[in-house]
file data.cif (mmCIF, C-alpha atoms)
data_start
#
loop_
_atom_site.label_atom_id
_atom_site.label_comp_id
_atom_site.auth_asym_id
_atom_site.auth_seq_id
_atom_site.Cartn_x
_atom_site.Cartn_y
_atom_site.Cartn_z
CA MET A 57 -3.60 -29.12 11.75
CA PRO A 58 -2.24 -26.19 13.72
CA SER A 59 -4.37 -24.30 16.22
CA ASP A 60 -3.98 -21.22 18.42
CA GLY A 61 -0.65 -21.18 20.24
CA ASP A 62 1.10 -23.65 17.93
CA ARG A 63 4.45 -22.55 16.53
CA VAL A 64 4.55 -23.26 12.79
CA SER A 65 7.15 -22.95 10.05
CA VAL A 66 6.09 -22.29 6.47
CA HIS A 67 7.60 -21.58 3.11
CA TYR A 68 5.70 -19.02 1.09
CA ARG A 69 5.59 -16.95 -2.07
CA GLY A 70 3.57 -13.71 -2.20
CA THR A 71 2.35 -12.10 -5.43
CA LEU A 72 0.16 -9.19 -6.49
CA ASP A 73 -2.80 -9.53 -8.84
CA ASP A 74 -0.57 -8.69 -11.81
CA GLY A 75 1.73 -11.62 -10.93
CA THR A 76 4.53 -9.49 -9.49
CA GLN A 77 6.28 -11.32 -6.65
CA PHE A 78 6.70 -9.07 -3.61
CA ASP A 79 8.16 -11.59 -1.17
CA SER A 80 9.26 -15.20 -0.86
CA SER A 81 11.04 -17.47 1.59
CA GLU A 82 12.81 -19.24 -1.30
CA GLY A 83 16.50 -19.60 -0.52
CA ARG A 84 15.93 -18.67 3.14
CA ASP A 85 14.85 -20.41 6.31
CA PRO A 86 11.10 -20.96 6.59
CA LEU A 87 9.02 -18.26 8.27
CA THR A 88 8.23 -19.28 11.85
CA PHE A 89 5.33 -17.78 13.82
CA VAL A 90 2.72 -18.59 16.44
CA ILE A 91 -0.81 -19.27 15.18
CA GLY A 92 -3.14 -16.61 16.58
CA GLY A 93 -0.18 -14.61 17.91
CA GLY A 94 -0.71 -11.60 15.67
CA GLN A 95 2.76 -11.99 14.14
CA VAL A 96 1.53 -12.26 10.54
CA ILE A 97 -1.36 -10.71 8.62
CA ALA A 98 -4.78 -12.17 9.42
CA GLY A 99 -5.33 -13.94 6.10
CA PHE A 100 -1.93 -15.63 6.26
CA ASP A 101 -2.62 -16.87 9.79
CA THR A 102 -6.03 -18.23 8.73
CA ALA A 103 -4.57 -20.04 5.71
CA ALA A 104 -1.85 -21.72 7.79
CA ARG A 105 -4.45 -23.00 10.30
CA GLY A 106 -6.06 -25.17 7.64
CA LEU A 107 -2.92 -27.00 6.53
CA GLU A 108 -1.37 -30.33 7.37
CA VAL A 109 2.43 -30.72 7.40
CA GLY A 110 3.68 -30.90 3.81
CA GLN A 111 0.47 -29.48 2.35
CA THR A 112 0.53 -26.39 0.11
CA VAL A 113 -2.33 -23.98 -0.48
CA THR A 114 -2.73 -20.90 -2.65
CA VAL A 115 -4.93 -18.19 -1.16
CA ARG A 116 -5.93 -14.73 -2.36
CA MET A 117 -6.61 -12.15 0.31
CA GLU A 118 -8.44 -8.89 -0.13
CA ALA A 119 -6.70 -5.85 1.36
CA ALA A 120 -8.78 -6.08 4.56
CA GLU A 121 -7.26 -9.53 5.31
CA ALA A 122 -3.78 -8.35 4.42
CA TYR A 123 -2.37 -4.88 5.21
CA GLY A 124 -5.72 -3.08 5.16
CA GLU A 125 -7.05 -0.36 2.92
CA LYS A 126 -5.03 2.80 2.37
CA ASP A 127 -5.73 5.25 5.19
CA GLU A 128 -5.87 8.77 3.78
CA GLN A 129 -5.05 10.13 7.27
CA LEU A 130 -1.61 8.54 6.93
CA ILE A 131 -0.87 10.66 3.85
CA PHE A 132 0.08 14.15 4.90
CA GLU A 133 2.02 17.26 4.04
CA VAL A 134 4.87 18.85 5.95
CA PRO A 135 6.58 22.18 5.33
CA ILE A 136 9.72 21.61 3.29
CA ASN A 137 11.78 23.68 5.73
CA THR A 138 11.11 21.03 8.43
CA ALA A 139 12.09 18.11 6.18
CA PRO A 140 15.62 16.80 5.59
CA GLU A 141 17.39 18.50 2.68
CA GLY A 142 17.57 16.80 -0.69
CA LEU A 143 14.44 14.67 -0.45
CA VAL A 144 13.23 13.24 -3.75
CA LEU A 145 10.18 11.28 -4.83
CA GLY A 146 10.35 7.71 -3.50
CA ASP A 147 12.73 8.41 -0.61
CA ARG A 148 12.02 6.41 2.52
CA VAL A 149 12.00 8.47 5.69
CA GLU A 150 11.41 7.89 9.37
CA LEU A 151 8.81 10.07 11.03
CA MET A 152 9.33 11.64 14.45
CA ASN A 153 7.35 8.79 16.03
CA GLY A 154 9.67 6.25 14.36
CA ALA A 155 7.13 5.14 11.75
CA PRO A 156 8.42 4.58 8.21
CA ALA A 157 7.00 6.65 5.36
CA VAL A 158 7.63 7.26 1.66
CA VAL A 159 7.96 10.65 0.00
CA THR A 160 5.22 10.88 -2.63
CA LYS A 161 5.62 14.53 -3.70
CA VAL A 162 8.19 17.27 -3.28
CA GLY A 163 7.04 20.81 -3.95
CA LYS A 164 8.64 24.20 -3.41
CA ARG A 165 7.04 24.59 0.02
CA ILE A 166 5.52 21.21 0.89
CA VAL A 167 6.64 17.58 1.04
CA THR A 168 3.93 14.90 0.94
CA VAL A 169 4.62 11.61 2.73
CA ASP A 170 2.66 8.37 2.91
CA ALA A 171 2.96 6.33 6.11
CA ASN A 172 0.71 3.49 4.88
CA HIS A 173 2.28 0.04 4.53
CA ALA A 174 3.62 -0.35 0.98
CA LEU A 175 1.08 -3.12 0.31
CA ALA A 176 -1.93 -1.36 1.87
CA GLY A 177 -4.96 -1.31 -0.40
CA GLN A 178 -3.82 -4.31 -2.42
CA ALA A 179 -5.11 -7.85 -2.66
CA LEU A 180 -2.35 -10.39 -2.09
CA THR A 181 -1.96 -14.00 -3.18
CA PHE A 182 0.17 -16.38 -1.15
CA GLU A 183 1.32 -19.89 -1.89
CA ILE A 184 1.95 -21.36 1.56
CA GLN A 185 3.49 -24.73 2.43
CA LEU A 186 3.37 -25.92 6.04
CA ILE A 187 6.77 -27.34 7.00
CA THR A 188 6.46 -27.99 10.76
CA VAL A 189 4.05 -27.65 13.69
CA GLY A 190 5.59 -27.66 17.13
#
call {"tool": "encode", "arguments": {"input": "data.cif", "output": "structure tokens"}}
result
Amino acid sequence: MPSDGDRVSVHYRGTLDDGTQFDSSEGRDPLTFVIGGGQVIAGFDTAARGLEVGQTVTVRMEAAEAYGEKDEQLIFEVPINTAPEGLVLGDRVELMNGAPAVVTKVGKRIVTVDANHALAGQALTFEIQLITVG
């Protein structure tokens, strides 16, 4: 079983509670990361620690173990005259600090953007198969 500092490779499939798949390594190279290295969400790291090569596990993670709860401080308004022209609901933008955000409302004077991770506030289920430890 892998422990802190081990480099592992896994195949995975991630779904939401309604069954919608949001990510998968199917058809791609396995995901490689270092256990305890902070490269993946906490719940994913924990699940991979408990596996033996070839073993598959399905784990459900509450938002706190995944991308965290939505942070209302990361949802904010900016004057429309400071925003790029032509923004529409759902547009992805880059903030001045380089952080990604999504336009959630466009008004006559104000644009509302959300800089939370797209999966923040959601429980996630992963099917994870350990391929290698090395």
call {"tool": "closest_residue", "arguments": {"input": "data.cif", "among": "A:Gly94, A:Phe132, A:Pro140, A:Gln178", "to": "Thr160 (chain A)", "atoms": "all atoms listed in the file"}}
result
A:Phe132
call {"tool": "resolve_selection", "arguments": {"input": "data.cif", "expression": "the PyMOL selection byres ((chain A and resi 107-120) around 8)", "output": "PyMOL selection string"}}
result
chain A and resi 57-58+99+103-106+121-125+176-189
call {"tool": "resolve_selection", "arguments": {"input": "data.cif", "expression": "the PyMOL selection byres ((chain A and resi 82) around 8)", "output": "list in words"}}
result
His67, Tyr68, Arg69, Ser80, Ser81, Gly83, Arg84 and Asp85 of chain A
call {"tool": "closest_residue", "arguments": {"input": "data.cif", "among": "A:Gly190, A:His173, A:Asp79, A:Val144", "to": "Val64 (chain A)", "atoms": "all atoms listed in the file"}}
result
A:Gly190
call {"tool": "atom_distance", "arguments": {"input": "data.cif", "atom1": "CA of Asn172 (chain A)", "atom2": "CA of Val96 (chain A)"}}
result
16.8 Å
call {"tool": "atom_distance", "arguments": {"input": "data.cif", "atom1": "CA of Ala157 (chain A)", "atom2": "CA of Leu72 (chain A)"}}
result
20.9 Å
call {"tool": "atom_distance", "arguments": {"input": "data.cif", "atom1": "CA of Thr76 (chain A)", "atom2": "CA of Ala174 (chain A)"}}
result
13.9 Å
call {"tool": "resolve_selection", "arguments": {"input": "data.cif", "expression": "the PyMOL selection byres ((chain A and resi 92) around 8)", "output": "PDB file with C-alpha atoms, in the coordinates of the input"}}
result
ATOM      1  CA  SER A  59      -4.370 -24.300  16.220  1.00  0.00           C
ATOM      2  CA  ASP A  60      -3.980 -21.220  18.420  1.00  0.00           C
ATOM      3  CA  GLY A  61      -0.650 -21.180  20.240  1.00  0.00           C
ATOM      4  CA  VAL A  90       2.720 -18.590  16.440  1.00  0.00           C
ATOM      5  CA  ILE A  91      -0.810 -19.270  15.180  1.00  0.00           C
ATOM      6  CA  GLY A  93      -0.180 -14.610  17.910  1.00  0.00           C
ATOM      7  CA  GLY A  94      -0.710 -11.600  15.670  1.00  0.00           C
ATOM      8  CA  GLN A  95       2.760 -11.990  14.140  1.00  0.00           C
ATOM      9  CA  ASP A 101      -2.620 -16.870   9.790  1.00  0.00           C
TER      10      ASP A 101
END
call {"tool": "axis_aligned_box", "arguments": {"input": "data.cif", "around": "region 103-113 of chain A", "padding_each_side": "6 Å", "output": "lines of an AutoDock Vina configuration file"}}
result
center_x = -1.2
center_y = -25.5
center_z = 4.9
size_x = 21.7
size_y = 22.9
size_z = 22.8
